[in-house]
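> Input upload-v9.cif, format and content: mmCIF, C-alpha atoms and all ligand atoms.
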data_entry
loop_
_atom_site.label_atom_id
_atom_site.label_comp_id
_atom_site.auth_asym_id
_atom_site.auth_seq_id
_atom_site.Cartn_x
_atom_site.Cartn_y
_atom_site.Cartn_z
CA MET A 28 -65.12 -12.26 9.91
CA SER A 29 -62.84 -15.21 10.77
CA ILE A 30 -64.59 -18.28 12.12
CA GLY A 31 -62.35 -21.02 13.51
CA THR A 32 -59.29 -21.72 11.37
CA GLY A 33 -61.36 -22.05 8.20
CA LEU A 34 -61.32 -19.62 5.33
CA PHE A 35 -64.47 -18.40 3.62
CA VAL A 36 -64.11 -17.37 -0.03
CA SER A 37 -67.11 -16.24 -2.09
CA PHE A 38 -67.17 -15.82 -5.86
CA GLU A 39 -69.33 -13.19 -7.51
CA GLY A 40 -69.95 -11.81 -10.97
CA GLY A 41 -72.48 -11.79 -13.75
CA GLU A 42 -73.56 -14.61 -16.03
CA GLY A 43 -70.78 -16.41 -17.92
CA ALA A 44 -67.94 -14.91 -15.85
CA GLY A 45 -66.44 -18.36 -15.24
CA LYS A 46 -67.14 -18.74 -11.53
CA SER A 47 -67.63 -22.49 -11.54
CA THR A 48 -64.49 -23.12 -13.61
CA GLN A 49 -62.43 -21.03 -11.22
CA ILE A 50 -63.95 -22.57 -8.11
CA ALA A 51 -63.06 -26.01 -9.47
CA ARG A 52 -59.51 -24.89 -10.28
CA LEU A 53 -58.94 -23.38 -6.85
CA ALA A 54 -60.42 -26.41 -5.09
CA GLU A 55 -58.04 -28.67 -6.99
CA ALA A 56 -55.03 -26.49 -6.25
CA LEU A 57 -55.83 -26.36 -2.53
CA ALA A 58 -56.62 -30.06 -2.29
CA ARG A 59 -53.25 -30.80 -3.88
CA GLN A 60 -51.70 -28.89 -0.97
CA GLY A 61 -53.59 -31.08 1.49
CA VAL A 62 -56.08 -28.37 2.47
CA ARG A 63 -59.63 -29.54 3.21
CA VAL A 64 -62.01 -27.79 0.80
CA LEU A 65 -65.79 -27.55 0.56
CA LYS A 66 -67.38 -26.29 -2.66
CA THR A 67 -70.88 -24.95 -2.36
CA ARG A 68 -73.26 -22.51 -4.06
CA GLU A 69 -76.19 -20.15 -3.63
CA PRO A 70 -79.09 -20.19 -3.79
CA GLY A 71 -78.76 -23.67 -2.31
CA GLY A 72 -75.89 -25.63 -0.80
CA SER A 73 -77.89 -27.20 2.05
CA PRO A 74 -81.09 -29.27 1.87
CA GLY A 75 -83.30 -26.42 3.12
CA ALA A 76 -81.76 -23.90 0.75
CA GLU A 77 -81.86 -26.30 -2.21
CA ALA A 78 -85.59 -26.65 -1.60
CA LEU A 79 -85.92 -22.90 -2.20
CA ARG A 80 -83.55 -22.83 -5.20
CA HIS A 81 -86.07 -24.10 -7.67
CA VAL A 82 -88.77 -21.73 -6.41
CA LEU A 83 -86.40 -18.79 -6.89
CA LEU A 84 -84.77 -19.69 -10.22
CA SER A 85 -87.90 -20.94 -11.99
CA GLY A 86 -89.53 -17.55 -11.38
CA ALA A 87 -92.29 -19.17 -9.29
CA ALA A 88 -91.84 -16.50 -6.60
CA GLU A 89 -91.65 -13.60 -9.06
CA GLU A 90 -95.39 -12.87 -9.02
CA PHE A 91 -95.25 -12.37 -5.22
CA GLY A 92 -92.85 -9.47 -5.61
CA ILE A 93 -89.22 -8.61 -5.12
CA ARG A 94 -89.50 -8.39 -1.30
CA MET A 95 -90.76 -11.92 -1.12
CA GLU A 96 -87.90 -13.07 -3.36
CA ALA A 97 -85.32 -11.22 -1.24
CA ILE A 98 -86.69 -12.81 1.94
CA LEU A 99 -86.55 -16.26 0.33
CA PHE A 100 -82.92 -15.72 -0.72
CA ALA A 101 -82.18 -14.67 2.87
CA ALA A 102 -84.01 -17.71 4.29
CA ALA A 103 -82.00 -19.98 2.01
CA ARG A 104 -78.78 -18.21 3.03
CA SER A 105 -79.52 -18.54 6.74
CA ASP A 106 -80.04 -22.30 6.40
CA HIS A 107 -76.89 -22.62 4.28
CA VAL A 108 -74.80 -20.65 6.79
CA GLU A 109 -76.01 -22.42 9.92
CA THR A 110 -76.12 -25.99 8.65
CA LEU A 111 -73.12 -26.04 6.32
CA ILE A 112 -70.82 -23.02 6.14
CA ARG A 113 -70.34 -22.20 9.84
CA PRO A 114 -69.70 -25.81 10.92
CA ALA A 115 -67.22 -26.23 8.04
CA LEU A 116 -65.32 -23.07 9.00
CA VAL A 117 -65.26 -24.08 12.66
CA SER A 118 -63.68 -27.39 11.65
CA GLY A 119 -60.95 -25.57 9.70
CA THR A 120 -62.28 -26.18 6.18
CA VAL A 121 -61.78 -23.75 3.30
CA VAL A 122 -65.26 -22.96 1.96
CA LEU A 123 -65.59 -21.87 -1.68
CA CYS A 124 -69.05 -20.47 -2.31
CA ASP A 125 -70.50 -19.68 -5.75
CA ARG A 126 -72.37 -16.41 -4.95
CA PHE A 127 -73.22 -15.15 -1.46
CA MET A 128 -74.53 -11.96 0.18
CA ASP A 129 -73.21 -9.60 -2.51
CA SER A 130 -75.53 -11.23 -5.06
CA SER A 131 -78.50 -10.20 -2.90
CA ARG A 132 -77.12 -6.67 -2.54
CA VAL A 133 -76.81 -6.45 -6.33
CA TYR A 134 -79.73 -8.47 -7.75
CA GLN A 135 -82.38 -7.67 -5.13
CA GLY A 136 -80.95 -4.41 -3.78
CA VAL A 137 -79.61 -2.53 -6.78
CA THR A 138 -81.43 -3.91 -9.82
CA GLY A 139 -84.43 -5.03 -7.73
CA ASN A 140 -84.67 -1.49 -6.32
CA LEU A 141 -85.20 -2.59 -2.72
CA GLU A 142 -84.35 -0.05 -0.04
CA PRO A 143 -80.80 -0.47 1.29
CA GLU A 144 -82.04 -0.78 4.92
CA PHE A 145 -84.27 -3.70 3.96
CA ILE A 146 -81.37 -5.51 2.26
CA THR A 147 -78.99 -4.70 5.13
CA SER A 148 -81.42 -6.05 7.74
CA LEU A 149 -82.00 -9.27 5.81
CA GLU A 150 -78.27 -9.68 5.30
CA ARG A 151 -77.54 -9.26 9.01
CA VAL A 152 -80.04 -11.93 9.97
CA ALA A 153 -79.05 -14.34 7.17
CA VAL A 154 -75.27 -14.27 7.59
CA ASN A 155 -75.38 -13.98 11.38
CA GLY A 156 -71.73 -12.96 11.61
CA VAL A 157 -70.43 -15.29 8.89
CA THR A 158 -69.06 -13.03 6.15
CA PRO A 159 -66.49 -13.96 3.51
CA ASP A 160 -62.81 -13.43 4.31
CA LEU A 161 -62.28 -12.93 0.60
CA THR A 162 -64.71 -12.19 -2.22
CA VAL A 163 -63.46 -12.76 -5.76
CA ILE A 164 -65.37 -10.64 -8.25
CA LEU A 165 -64.96 -11.92 -11.80
CA ASP A 166 -65.57 -8.86 -13.90
CA LEU A 167 -66.77 -9.04 -17.50
CA PRO A 168 -68.75 -6.77 -19.86
CA ALA A 169 -72.37 -7.98 -19.70
CA ALA A 170 -72.59 -8.69 -23.45
CA VAL A 171 -69.51 -10.95 -23.33
CA GLY A 172 -70.81 -12.83 -20.29
CA LEU A 173 -74.28 -13.35 -21.73
CA ALA A 174 -72.87 -14.61 -25.04
CA ARG A 175 -70.65 -17.07 -23.14
CA ALA A 176 -73.52 -18.26 -20.96
CA LYS A 177 -75.71 -18.78 -24.02
CA ALA A 178 -73.02 -20.70 -25.90
CA ARG A 179 -72.57 -22.91 -22.84
CA SER A 180 -76.25 -23.72 -22.42
CA ASP A 181 -76.68 -24.34 -26.18
CA ALA A 182 -73.74 -26.74 -26.17
CA ALA A 183 -75.02 -28.57 -23.09
CA ALA A 184 -78.51 -29.23 -24.44
CA SER A 185 -79.80 -30.66 -27.68
CA ALA A 186 -82.52 -28.00 -27.51
CA PRO A 187 -81.26 -24.62 -26.15
CA ALA A 188 -81.98 -24.36 -22.40
CA ALA A 189 -84.47 -21.69 -21.32
CA PRO A 190 -82.77 -18.82 -19.48
CA ASP A 191 -83.54 -18.67 -15.75
CA ARG A 192 -85.57 -15.90 -14.10
CA PHE A 193 -82.53 -13.62 -13.78
CA GLU A 194 -80.86 -14.40 -17.13
CA ARG A 195 -84.02 -13.29 -18.98
CA GLU A 196 -83.46 -9.65 -18.08
CA GLU A 197 -82.22 -6.88 -20.39
CA ILE A 198 -78.58 -6.21 -21.11
CA GLU A 199 -78.74 -2.81 -19.35
CA THR A 200 -79.78 -4.61 -16.19
CA HIS A 201 -76.79 -6.95 -16.47
CA GLU A 202 -74.48 -3.97 -17.04
CA LYS A 203 -75.96 -2.24 -13.97
CA ARG A 204 -75.18 -5.34 -11.92
CA ARG A 205 -71.61 -5.35 -13.16
CA GLN A 206 -71.22 -1.76 -11.96
CA ALA A 207 -72.88 -2.62 -8.65
CA PHE A 208 -70.32 -5.39 -8.00
CA LEU A 209 -67.53 -2.94 -8.83
CA ASP A 210 -69.03 -0.41 -6.40
CA ILE A 211 -69.14 -3.03 -3.62
CA ALA A 212 -65.47 -3.80 -4.31
CA ALA A 213 -64.52 -0.13 -4.21
CA ALA A 214 -66.29 0.27 -0.86
CA ASP A 215 -64.65 -2.83 0.66
CA PRO A 216 -61.25 -3.31 -1.03
CA GLN A 217 -59.90 -5.35 1.88
CA ARG A 218 -62.43 -8.15 1.32
CA CYS A 219 -63.20 -7.82 -2.39
CA LYS A 220 -60.72 -8.42 -5.21
CA VAL A 221 -61.80 -7.66 -8.78
CA ILE A 222 -60.29 -9.85 -11.50
CA ASP A 223 -60.65 -9.23 -15.24
CA ALA A 224 -62.55 -12.31 -16.42
CA ARG A 225 -61.53 -11.76 -20.07
CA GLN A 226 -58.08 -13.16 -19.25
CA SER A 227 -57.22 -16.81 -19.82
CA VAL A 228 -58.50 -19.41 -17.36
CA ASP A 229 -54.90 -20.02 -16.21
CA MET A 230 -54.18 -16.35 -15.59
CA ILE A 231 -57.37 -15.90 -13.61
CA ALA A 232 -56.65 -19.03 -11.56
CA GLN A 233 -53.19 -17.71 -10.77
CA ALA A 234 -54.52 -14.29 -9.76
CA ILE A 235 -57.03 -15.92 -7.41
CA LEU A 236 -54.35 -18.09 -5.79
CA THR A 237 -52.26 -14.98 -5.19
CA HIS A 238 -55.07 -13.58 -3.06
CA VAL A 239 -55.88 -16.85 -1.28
CA GLN A 240 -52.41 -18.06 -0.27
CA PRO A 241 -51.53 -15.29 2.21
CA LEU A 242 -54.90 -15.68 3.94
CA LEU A 243 -54.37 -19.44 4.24
CA HIS A 244 -50.93 -18.85 5.62
CA LYS A 245 -52.29 -16.54 8.31
CA ARG A 246 -54.61 -19.31 9.47
CA GLY A 247 -51.78 -21.80 9.72
CA HIS A 248 -52.71 -23.78 6.63
CA GLY A 249 -49.19 -23.27 5.26
CA ALA A 250 -47.87 -25.80 7.76
CA VAL A 251 -50.73 -28.18 7.10
CA ALA A 252 -50.07 -27.92 3.38
CA ALA A 253 -46.40 -28.77 3.78
CA GLU A 254 -47.13 -31.73 6.05
CA ARG A 255 -49.76 -33.19 3.82
CA SER A 256 -48.28 -32.39 0.43
CA ALA A 257 -47.85 -36.07 -0.32
CA GLY A 258 -51.40 -36.88 0.81
CA ARG A 259 -54.55 -37.38 -1.19
CA PRO A 260 -56.65 -34.42 -2.40
CA GLN A 261 -59.60 -33.77 -0.10
CA THR A 262 -62.59 -32.11 -1.69
CA GLU A 263 -66.29 -32.45 -1.19
CA ARG A 264 -69.05 -31.15 -3.42
CA VAL A 265 -72.33 -29.99 -2.02
CA GLU A 266 -75.14 -29.13 -4.43
P1 LIG B 301 -77.19 -20.03 -11.07
O1 LIG B 301 -77.94 -20.96 -11.95
O2 LIG B 301 -76.66 -20.57 -9.79
O3 LIG B 301 -76.08 -19.48 -11.99
P2 LIG B 301 -74.95 -18.39 -11.98
O4 LIG B 301 -74.49 -18.16 -10.57
O5 LIG B 301 -73.93 -19.03 -12.85
O6 LIG B 301 -75.55 -17.19 -12.59
O7 LIG B 301 -78.14 -18.78 -10.82
C1 LIG B 301 -78.27 -18.10 -9.67
C2 LIG B 301 -79.12 -16.89 -10.00
O8 LIG B 301 -79.68 -16.38 -8.79
C3 LIG B 301 -78.28 -15.79 -10.62
O9 LIG B 301 -78.97 -15.26 -11.75
C4 LIG B 301 -78.22 -14.74 -9.55
C5 LIG B 301 -79.43 -14.99 -8.70
N1 LIG B 301 -79.24 -14.64 -7.27
C6 LIG B 301 -79.93 -13.56 -6.74
O10 LIG B 301 -80.69 -12.89 -7.45
N2 LIG B 301 -79.75 -13.24 -5.42
C7 LIG B 301 -78.94 -13.96 -4.60
O11 LIG B 301 -78.80 -13.64 -3.39
C8 LIG B 301 -78.24 -15.09 -5.16
C9 LIG B 301 -77.35 -15.92 -4.30
C10 LIG B 301 -78.42 -15.39 -6.50
#
Starting from the file, give its structure as structure tokens.
Ligand code: TYD

Amino acid sequence: MSIGTGLFVSFEGGEGAGKSTQIARLAEALARQGVRVLKTREPGGSPGAEALRHVLLSGAAEEFGIRMEAILFAAARSDHVETLIRPALVSGTVVLCDRFMDSSRVYQGVTGNLEPEFITSLERVAVNGVTPDLTVILDLPAAVGLARAKARSDAAASAPAAPDRFEREEIETHEKRRQAFLDIAAADPQRCKVIDARQSVDMIAQAILTHVQPLLHKRGHGAVAAERSAGRPQTERVE
């Protein structure tokens, strides 16, 4: 749903699909055009939601059950939407969000086996009318994504980093999630665009821009971009 003149783009996909690289690339491309961009992520993105991030990713909430986890993700999302995303959209900012409501549909709903009505009710309360204008789904076979994610964490740490609560799960679970994202896209092709994440970083970045530009244009950012093309890039990072 459109809020103000802003544009809300969420990025979804399994582990190692390259979401953060592509978010950074898109943010740079838009900032170069003089568009105001906010990069954010879930779970987290606002102080209240970041407070819940550690509880969720460490697995500290796991023993209390999948319902409790789903409610915590929704609580974090509600705080993120009301304190950061909605005000940014109202002020005409382009919001790029690493994961959003579709991650809850997939991780808690499909592979967490929660009833669809439960997930739908939580989603309605958490997003409170703020849904992405565009959702980019970076699609990758689970084995490829997991191998990439592992290589990344091994390279980043002298001792290999421990996988988080969700990365620890079996490959079949990751493959099920991949299919669940594809099913969401098939049910909502207007909002969701699936991109093959095995392509080069440049090709993926180009494909994403092709989906974003017409939406920006519709909101009048084309004119802003032309006026400000000589101006300084404007990006903010919220983590
Ligand atoms: P994160 O470290 O942000 O990495 P990435 O997005 O690169 O995987 O991990 C977020 C984890 O939280 C990820 O495994 C998916 C999970 N998650 C849910 O289970 N439900 C949700 O609603 C969200 C937003 C994330």
> In Å, how far is it from atom CA of A:Met95 to atom CA of A:Ser180?
28.3 Å
> Between atom CA of A:Pro216 and atom CA of A:Leu111, what distance in Å does the model show, to one decimal?
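It comes out at 26.7 Å.
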> Kindly compile the residues surrounding ligand LIG 301 (chain B) within 7 Å, counting all atoms listed in the file, and format them as number ranges by chain.
A: 41-43, 46, 68-70, 84, 100, 125-131, 134-135, 191, 193-194
> If I put a ball of radius 7 Å at (-67.5, -13.3, 0.6) in the file's coordinates, which residues poke into it when counting only C-alpha atoms, written as a PyMOL selection string?
chain A and resi 35-38+127+158-162
> May I have the selected residues written with C-alpha atoms, as a CSV table (one decimal), in the coordinates of the input?

chain,number,residue,atom,x,y,z
A,35,PHE,CA,-64.5,-18.4,3.6
A,36,VAL,CA,-64.1,-17.4,0.0
A,37,SER,CA,-67.1,-16.2,-2.1
A,38,PHE,CA,-67.2,-15.8,-5.9
A,127,PHE,CA,-73.2,-15.2,-1.5
A,158,THR,CA,-69.1,-13.0,6.2
A,159,PRO,CA,-66.5,-14.0,3.5
A,160,ASP,CA,-62.8,-13.4,4.3
A,161,LEU,CA,-62.3,-12.9,0.6
A,162,THR,CA,-64.7,-12.2,-2.2
> Using 8 Å as the limit and counting only C-alpha atoms, can you tabulate each residue of stretch 185-251 of chain A that touches stretch 169-178 of chain A, with its shortest atom-to-atom distance in Å and the two atoms involved, as a tab-separated table?

residue	atom	partner	partner_atom	distance
A:Ile198	CA	A:Ala169	CA	6.6
A:His201	CA	A:Ala169	CA	5.6
A:Glu202	CA	A:Ala169	CA	5.3
A:Arg205	CA	A:Ala169	CA	7.1
> Distance atom CA of A:Leu141-atom CA of A:Asn155, one decimal place?
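Pair atom CA of A:Leu141 / atom CA of A:Asn155 returns 20.6 Å.
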> From the set A:Lys220, A:Arg59, A:Arg104, A:Arg225, which residue has the shortest atom-to-atom contact distance to A:Val239, counting only C-alpha atoms?
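With only C-alpha atoms as the atom set, the closest residue is A:Lys220.
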> Residues near A:Thr48, anyone? I mean within 12 Å using all atoms listed in the file, not counting same-chain ones fewer than 2 positions away, as an mmCIF file with C-alpha atoms, keeping the file's coordinate frame.

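Contents of around-v4.cif, freshly written:
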data_model
loop_
_atom_site.group_PDB
_atom_site.id
_atom_site.type_symbol
_atom_site.label_atom_id
_atom_site.label_comp_id
_atom_site.auth_asym_id
_atom_site.auth_seq_id
_atom_site.Cartn_x
_atom_site.Cartn_y
_atom_site.Cartn_z
ATOM 1 C CA PHE A 38 -67.170 -15.820 -5.860
ATOM 2 C CA GLY A 43 -70.780 -16.410 -17.920
ATOM 3 C CA ALA A 44 -67.940 -14.910 -15.850
ATOM 4 C CA GLY A 45 -66.440 -18.360 -15.240
ATOM 5 C CA LYS A 46 -67.140 -18.740 -11.530
ATOM 6 C CA ILE A 50 -63.950 -22.570 -8.110
ATOM 7 C CA ALA A 51 -63.060 -26.010 -9.470
ATOM 8 C CA ARG A 52 -59.510 -24.890 -10.280
ATOM 9 C CA LEU A 53 -58.940 -23.380 -6.850
ATOM 10 C CA ALA A 54 -60.420 -26.410 -5.090
ATOM 11 C CA GLU A 55 -58.040 -28.670 -6.990
ATOM 12 C CA LYS A 66 -67.380 -26.290 -2.660
ATOM 13 C CA ASP A 125 -70.500 -19.680 -5.750
ATOM 14 C CA LEU A 165 -64.960 -11.920 -11.800
ATOM 15 C CA ALA A 224 -62.550 -12.310 -16.420
ATOM 16 C CA SER A 227 -57.220 -16.810 -19.820
ATOM 17 C CA VAL A 228 -58.500 -19.410 -17.360
ATOM 18 C CA ASP A 229 -54.900 -20.020 -16.210
ATOM 19 C CA ILE A 231 -57.370 -15.900 -13.610
ATOM 20 C CA ALA A 232 -56.650 -19.030 -11.560
#
